[in-house]
Amino acid sequence: MNGFHDTANAVATVIYTNALRPWVAVIWSAFWNFIGVLTGGVAVAMGIVYLLPVESLVDQNVYHGIAMVGALIIGAIIWNIGTWYYGLPSSSSHALIGSILGVGIAYSFLPGVVNSGVNWGKAGETGIALLLGPAFGFTLTILLMFLLRRVVKNKSIFKEPHKHKPPPLWIRLILVVTCTLVSYFHGSNDGQKGVGLIMLVLIGIVPTYFALDHTKNPLDMRESLVRVEQVMSRVNVAELSQEDQKMVAEIRVQTNALDRIFEGKTQVEQIPESDRFYLRKGILLVSNRAKKIQDSDKVRLSTRDRQTLDDGLKGLKSFTDYAPTWVFIIVSLSLGVGTMVGWQRIVKTIGERIGKEHLSYAQGASSELITASMIGISSALGFAASTTHVLTSSIAGSMVASRGVKNVNPVMVRNIALAWVLTLPVTMTLSGLLFLLFRAILPG
């Protein structure tokens, strides 16, 4: 469904400017999405995973894991299918995040649950990134169009493309390059969200097996633990608040407990299954607490100590922040197939219905260039970005830059905006209700 929606955005401009034939554009985009997923890393993926405190939501009862992942996946898919059917470019990222938040909030209402089911700090970071993307996309595209009008002497790039004639070679190359960049960076960002989603599924249903990266040597974790312990021993607890003193003590207890479990082990498989999920939970707790202590204005640490702590925490998190290679391949193939199957509805909206004029070469290239840049920066920083929101905002900005606000189709923009506004509350409600239903009817 992400391929139906977000990936189709990348091919809209090259199709509607005749830079590439539709079938060529779709296959080309699918290929670069594939590459983007495989080379994009896991920073955004882990941002999705850590929206939920999975360690609280999941226990040894596999049906609880099924209730969690089933609810959030079904909630997101229902919304994506509905908006795709009506040709509305709705964000798959927002749908997924809304579903995750809905499950977390619903979990908070279960009897006996004390802690929040949502990592609100991570949710806030993700929300800000998703809101800023469209604003920057709209504004920067207007500025880029203004610059192009001042610099480019060949005014044909601002006119409607010939229906049966490809653009001049230099314009065609620019359009193909920008399409390629959007496809690649979409794979590296939205593809990672798919990776994060599958890791949520795996950790939720088979927590003992997928809690830790099996390719790692546990001895490496002991080295990382030693670094964290060394820095924590240098923290002057007398200068800290009572709460921070307690946190430092908890870190020391936790690192000692982790160290005992890893003692003498050279492979993850040698660790008892019952201890693996506990290790994951312990690593995340140590990491979060150590970061808070490090950021405290009352903690005096040298630059070297801070770097040692960062290296230690990075080494610890390498055991939990991972995804098997086959997960990347599955997500890559899914995005590619989704693009080739469902691209037409969204492409038509992007190319014909946002503005009152046909997409020009300059509008297509400007929108794609700004979108690729925004998504690329977000991926590098580990933030989730919405390809749909950024590109549609950029297209709208290019239309405004050409003939003012009246050049935007108010009905379509209103419908798209309404879909954007409703995505989070609808998916949160859907997934939350499904989660409570599944927990009620499944065993345990």
# chains A, B, ... in the order shown; residues from 1 in each chain; ligands from 1
$ closest_atom_pairs --of "region 199-250 of chain A" --to "region 255-258 of chain A" --cutoff "12 Å" --atoms "only C-alpha atoms" --output "CSV"
residue,atom,partner,partner_atom,distance
A:Pro218,CA,A:Leu258,CA,10.5
A:Leu219,CA,A:Leu258,CA,11.6
A:Met221,CA,A:Leu258,CA,9.1
A:Arg222,CA,A:Leu258,CA,8.4
A:Glu223,CA,A:Thr255,CA,11.4
A:Ser224,CA,A:Thr255,CA,10.0
A:Leu225,CA,A:Thr255,CA,6.3
A:Val226,CA,A:Thr255,CA,8.4
A:Arg227,CA,A:Thr255,CA,10.4
A:Val228,CA,A:Thr255,CA,8.2
A:Glu229,CA,A:Thr255,CA,7.1
A:Gln230,CA,A:Thr255,CA,10.9
A:Met232,CA,A:Thr255,CA,10.3
A:Ser233,CA,A:Thr255,CA,11.8
A:Val248,CA,A:Thr255,CA,10.7
A:Ala249,CA,A:Thr255,CA,10.1
A:Glu250,CA,A:Thr255,CA,8.5
$ write_last_selection --atoms "N, CA and C atoms" --output "mmCIF file, in the first residue's frame"
data_model
loop_
_atom_site.group_PDB
_atom_site.id
_atom_site.type_symbol
_atom_site.label_atom_id
_atom_site.label_comp_id
_atom_site.auth_asym_id
_atom_site.auth_seq_id
_atom_site.Cartn_x
_atom_site.Cartn_y
_atom_site.Cartn_z
ATOM 1 N N PRO A 218 28.525 -11.485 21.758
ATOM 2 C CA PRO A 218 28.220 -10.908 23.068
ATOM 3 C C PRO A 218 29.420 -10.294 23.787
ATOM 4 N N LEU A 219 30.626 -10.752 23.447
ATOM 5 C CA LEU A 219 31.816 -10.165 24.067
ATOM 6 C C LEU A 219 31.944 -8.685 23.718
ATOM 7 N N MET A 221 29.500 -6.687 23.509
ATOM 8 C CA MET A 221 28.616 -5.965 24.421
ATOM 9 C C MET A 221 29.288 -5.747 25.768
ATOM 10 N N ARG A 222 30.063 -6.702 26.205
ATOM 11 C CA ARG A 222 30.768 -6.549 27.480
ATOM 12 C C ARG A 222 31.725 -5.372 27.410
ATOM 13 N N GLU A 223 32.387 -5.197 26.267
ATOM 14 C CA GLU A 223 33.283 -4.047 26.096
ATOM 15 C C GLU A 223 32.505 -2.743 26.171
ATOM 16 N N SER A 224 31.341 -2.717 25.550
ATOM 17 C CA SER A 224 30.504 -1.509 25.583
ATOM 18 C C SER A 224 30.005 -1.236 26.997
ATOM 19 N N LEU A 225 29.633 -2.300 27.698
ATOM 20 C CA LEU A 225 29.178 -2.144 29.078
ATOM 21 C C LEU A 225 30.270 -1.559 29.965
ATOM 22 N N VAL A 226 31.511 -2.029 29.746
ATOM 23 C CA VAL A 226 32.639 -1.518 30.536
ATOM 24 C C VAL A 226 32.809 -0.013 30.316
ATOM 25 N N ARG A 227 32.659 0.434 29.086
ATOM 26 C CA ARG A 227 32.785 1.866 28.792
ATOM 27 C C ARG A 227 31.718 2.667 29.526
ATOM 28 N N VAL A 228 30.488 2.173 29.489
ATOM 29 C CA VAL A 228 29.409 2.876 30.184
ATOM 30 C C VAL A 228 29.675 2.897 31.688
ATOM 31 N N GLU A 229 30.098 1.752 32.238
ATOM 32 C CA GLU A 229 30.370 1.663 33.679
ATOM 33 C C GLU A 229 31.497 2.602 34.091
ATOM 34 N N GLN A 230 32.547 2.692 33.260
ATOM 35 C CA GLN A 230 33.676 3.573 33.578
ATOM 36 C C GLN A 230 33.233 5.027 33.673
ATOM 37 N N MET A 232 30.121 6.181 34.130
ATOM 38 C CA MET A 232 29.173 6.363 35.233
ATOM 39 C C MET A 232 29.891 6.429 36.585
ATOM 40 N N SER A 233 31.021 5.719 36.687
ATOM 41 C CA SER A 233 31.773 5.745 37.956
ATOM 42 C C SER A 233 32.427 7.100 38.188
ATOM 43 N N VAL A 248 21.404 6.950 38.352
ATOM 44 C CA VAL A 248 22.785 6.467 38.234
ATOM 45 C C VAL A 248 22.933 5.123 38.929
ATOM 46 N N ALA A 249 22.330 4.986 40.124
ATOM 47 C CA ALA A 249 22.382 3.715 40.852
ATOM 48 C C ALA A 249 21.718 2.601 40.049
ATOM 49 N N GLU A 250 20.593 2.904 39.402
ATOM 50 C CA GLU A 250 19.890 1.912 38.593
ATOM 51 C C GLU A 250 20.718 1.493 37.382
#
$ closest_atom_pairs --of "region 15-109 of chain A" --to "region 364-384 of chain A" --cutoff "9 Å" --atoms "only C-alpha atoms" --output "JSON lines"
{"residue": "A:Tyr16", "atom": "CA", "partner": "A:Gly364", "partner_atom": "CA", "distance": 8.5}
{"residue": "A:Thr17", "atom": "CA", "partner": "A:Gly364", "partner_atom": "CA", "distance": 7.5}
{"residue": "A:Gly40", "atom": "CA", "partner": "A:Ser379", "partner_atom": "CA", "distance": 7.6}
{"residue": "A:Gly41", "atom": "CA", "partner": "A:Ser379", "partner_atom": "CA", "distance": 9.0}
{"residue": "A:Val42", "atom": "CA", "partner": "A:Gly382", "partner_atom": "CA", "distance": 8.3}
{"residue": "A:Ala43", "atom": "CA", "partner": "A:Gly382", "partner_atom": "CA", "distance": 4.8}
{"residue": "A:Val44", "atom": "CA", "partner": "A:Gly382", "partner_atom": "CA", "distance": 4.7}
{"residue": "A:Ala45", "atom": "CA", "partner": "A:Gly382", "partner_atom": "CA", "distance": 8.4}
{"residue": "A:Met46", "atom": "CA", "partner": "A:Gly382", "partner_atom": "CA", "distance": 8.7}
{"residue": "A:Gly47", "atom": "CA", "partner": "A:Gly382", "partner_atom": "CA", "distance": 7.3}
{"residue": "A:Ile48", "atom": "CA", "partner": "A:Ala384", "partner_atom": "CA", "distance": 8.1}
{"residue": "A:Ser93", "atom": "CA", "partner": "A:Ala384", "partner_atom": "CA", "distance": 7.6}
$ write_last_selection --atoms "N, CA, C and O atoms" --output "compact mmCIF listing (two decimals), in the first residue's frame"
# COMPACT_ATOMS: atom_id res chain seq x y z
N TYR A 16 4.01 13.10 -16.60
CA TYR A 16 3.20 14.21 -17.10
C TYR A 16 4.00 15.27 -17.85
O TYR A 16 3.42 16.20 -18.41
N THR A 17 5.33 15.13 -17.85
CA THR A 17 6.14 16.02 -18.70
C THR A 17 6.72 15.25 -19.88
O THR A 17 7.56 15.78 -20.62
N GLY A 40 19.62 2.22 3.03
CA GLY A 40 19.16 3.34 3.86
C GLY A 40 19.45 3.22 5.34
O GLY A 40 19.24 4.16 6.09
N GLY A 41 19.94 2.06 5.81
CA GLY A 41 20.21 1.90 7.24
C GLY A 41 18.94 1.62 8.03
O GLY A 41 17.91 1.23 7.47
N VAL A 42 19.00 1.84 9.35
CA VAL A 42 17.87 1.50 10.21
C VAL A 42 17.47 2.64 11.15
O VAL A 42 16.66 2.44 12.05
N ALA A 43 18.03 3.84 10.98
CA ALA A 43 17.74 4.93 11.93
C ALA A 43 16.25 5.26 11.96
O ALA A 43 15.64 5.36 13.04
N VAL A 44 15.64 5.44 10.79
CA VAL A 44 14.21 5.75 10.73
C VAL A 44 13.40 4.55 11.20
O VAL A 44 12.38 4.69 11.88
N ALA A 45 13.83 3.35 10.80
CA ALA A 45 13.13 2.12 11.21
C ALA A 45 13.03 2.02 12.72
O ALA A 45 11.98 1.70 13.28
N MET A 46 14.14 2.31 13.41
CA MET A 46 14.13 2.21 14.87
C MET A 46 13.29 3.33 15.49
O MET A 46 12.72 3.18 16.57
N GLY A 47 13.20 4.47 14.78
CA GLY A 47 12.31 5.53 15.25
C GLY A 47 10.86 5.06 15.29
O GLY A 47 10.10 5.40 16.20
N ILE A 48 10.49 4.24 14.30
CA ILE A 48 9.14 3.66 14.27
C ILE A 48 8.98 2.63 15.38
O ILE A 48 7.97 2.61 16.10
N SER A 93 2.94 7.21 5.85
CA SER A 93 3.69 7.41 7.10
C SER A 93 2.75 7.81 8.23
O SER A 93 2.82 7.28 9.34
$ residues_around --residues "Asp297 (chain A)" --least-positions-apart "6" --cutoff "12 Å" --atoms "only C-alpha atoms" --output "PyMOL selection string"
chain A and resi 239-241+244
$ closest_residue --among "A:Lys292, A:Arg234, A:Arg439, A:Arg280" --to "Gln254 (chain A)" --atoms "only C-alpha atoms"
A:Arg280
$ atom_distance --atom1 "CA of Lys356 (chain A)" --atom2 "CA of Val390 (chain A)"
19.4 Å
$ atom_distance --atom1 "CA of Tyr86 (chain A)" --atom2 "CA of Arg345 (chain A)"
7.8 Å
$ decode --residues "region 409-439 of chain A" --atoms "N, CA, C and O atoms" --output "short mmCIF file (atom, residue, chain, number, x, y, z; two decimals), in the first residue's frame"
data_model
loop_
_atom_site.label_atom_id
_atom_site.label_comp_id
_atom_site.auth_asym_id
_atom_site.auth_seq_id
_atom_site.Cartn_x
_atom_site.Cartn_y
_atom_site.Cartn_z
N ASN A 409 -6.15 24.25 -7.48
CA ASN A 409 -7.51 23.72 -7.52
C ASN A 409 -8.05 23.62 -6.08
O ASN A 409 -7.63 22.74 -5.32
N PRO A 410 -8.96 24.51 -5.68
CA PRO A 410 -9.37 24.56 -4.26
C PRO A 410 -10.09 23.30 -3.80
O PRO A 410 -9.91 22.87 -2.65
N VAL A 411 -10.87 22.67 -4.67
CA VAL A 411 -11.62 21.47 -4.27
C VAL A 411 -10.67 20.32 -3.98
O VAL A 411 -10.77 19.65 -2.94
N MET A 412 -9.73 20.09 -4.88
CA MET A 412 -8.78 18.98 -4.68
C MET A 412 -7.87 19.25 -3.49
O MET A 412 -7.61 18.35 -2.68
N VAL A 413 -7.37 20.48 -3.37
CA VAL A 413 -6.49 20.80 -2.23
C VAL A 413 -7.25 20.64 -0.92
O VAL A 413 -6.71 20.14 0.07
N ARG A 414 -8.53 21.03 -0.91
CA ARG A 414 -9.34 20.86 0.30
C ARG A 414 -9.51 19.39 0.64
O ARG A 414 -9.39 18.98 1.80
N ASN A 415 -9.77 18.56 -0.38
CA ASN A 415 -9.94 17.12 -0.14
C ASN A 415 -8.65 16.47 0.37
O ASN A 415 -8.67 15.63 1.27
N ILE A 416 -7.52 16.88 -0.24
CA ILE A 416 -6.22 16.35 0.20
C ILE A 416 -5.94 16.78 1.64
O ILE A 416 -5.53 15.98 2.48
N ALA A 417 -6.18 18.06 1.93
CA ALA A 417 -5.94 18.58 3.28
C ALA A 417 -6.84 17.87 4.30
O ALA A 417 -6.40 17.55 5.41
N LEU A 418 -8.08 17.61 3.90
CA LEU A 418 -9.00 16.91 4.79
C LEU A 418 -8.50 15.50 5.08
O LEU A 418 -8.56 15.02 6.23
N ALA A 419 -7.99 14.83 4.04
CA ALA A 419 -7.43 13.49 4.23
C ALA A 419 -6.23 13.54 5.17
O ALA A 419 -6.05 12.67 6.02
N TRP A 420 -5.40 14.58 5.01
CA TRP A 420 -4.24 14.74 5.89
C TRP A 420 -4.68 14.90 7.34
O TRP A 420 -4.15 14.27 8.25
N VAL A 421 -5.66 15.78 7.55
CA VAL A 421 -6.11 16.08 8.91
C VAL A 421 -6.75 14.86 9.57
O VAL A 421 -6.57 14.61 10.76
N LEU A 422 -7.50 14.09 8.78
CA LEU A 422 -8.22 12.95 9.34
C LEU A 422 -7.37 11.71 9.53
O LEU A 422 -7.75 10.81 10.28
N THR A 423 -6.21 11.64 8.84
CA THR A 423 -5.41 10.42 8.87
C THR A 423 -5.07 9.97 10.29
O THR A 423 -5.33 8.82 10.67
N LEU A 424 -4.50 10.86 11.08
CA LEU A 424 -4.08 10.47 12.44
C LEU A 424 -5.25 10.07 13.32
O LEU A 424 -5.24 8.97 13.89
N PRO A 425 -6.30 10.92 13.47
CA PRO A 425 -7.39 10.51 14.37
C PRO A 425 -8.12 9.26 13.91
O PRO A 425 -8.50 8.41 14.75
N VAL A 426 -8.31 9.10 12.59
CA VAL A 426 -9.04 7.91 12.11
C VAL A 426 -8.23 6.64 12.34
O VAL A 426 -8.74 5.64 12.84
N THR A 427 -6.94 6.67 11.97
CA THR A 427 -6.12 5.47 12.13
C THR A 427 -5.89 5.16 13.61
O THR A 427 -5.84 3.98 14.00
N MET A 428 -5.75 6.19 14.44
CA MET A 428 -5.60 5.96 15.88
C MET A 428 -6.84 5.28 16.45
O MET A 428 -6.74 4.32 17.23
N THR A 429 -8.01 5.75 16.02
CA THR A 429 -9.26 5.16 16.51
C THR A 429 -9.43 3.74 16.02
O THR A 429 -9.77 2.82 16.79
N LEU A 430 -9.18 3.53 14.73
CA LEU A 430 -9.32 2.20 14.14
C LEU A 430 -8.41 1.19 14.84
O LEU A 430 -8.86 0.13 15.29
N SER A 431 -7.13 1.50 14.92
CA SER A 431 -6.17 0.55 15.48
C SER A 431 -6.41 0.35 16.98
O SER A 431 -6.27 -0.78 17.49
N GLY A 432 -6.78 1.42 17.68
CA GLY A 432 -7.04 1.30 19.11
C GLY A 432 -8.21 0.38 19.40
O GLY A 432 -8.14 -0.50 20.27
N LEU A 433 -9.31 0.55 18.65
CA LEU A 433 -10.49 -0.30 18.85
C LEU A 433 -10.19 -1.75 18.46
O LEU A 433 -10.62 -2.69 19.14
N LEU A 434 -9.45 -1.92 17.36
CA LEU A 434 -9.10 -3.28 16.94
C LEU A 434 -8.21 -3.96 17.99
O LEU A 434 -8.37 -5.15 18.27
N PHE A 435 -7.28 -3.20 18.57
CA PHE A 435 -6.40 -3.76 19.59
C PHE A 435 -7.19 -4.24 20.80
O PHE A 435 -6.99 -5.36 21.29
N LEU A 436 -8.10 -3.41 21.27
CA LEU A 436 -8.92 -3.80 22.42
C LEU A 436 -9.80 -4.99 22.09
O LEU A 436 -10.02 -5.89 22.93
N LEU A 437 -10.32 -5.04 20.84
CA LEU A 437 -11.14 -6.16 20.40
C LEU A 437 -10.32 -7.45 20.39
O LEU A 437 -10.76 -8.49 20.90
N PHE A 438 -9.13 -7.38 19.80
CA PHE A 438 -8.29 -8.57 19.68
C PHE A 438 -7.86 -9.06 21.06
O PHE A 438 -7.80 -10.27 21.32
N ARG A 439 -7.51 -8.13 21.96
CA ARG A 439 -7.13 -8.54 23.32
C ARG A 439 -8.28 -9.20 24.06
O ARG A 439 -8.08 -10.05 24.92
#
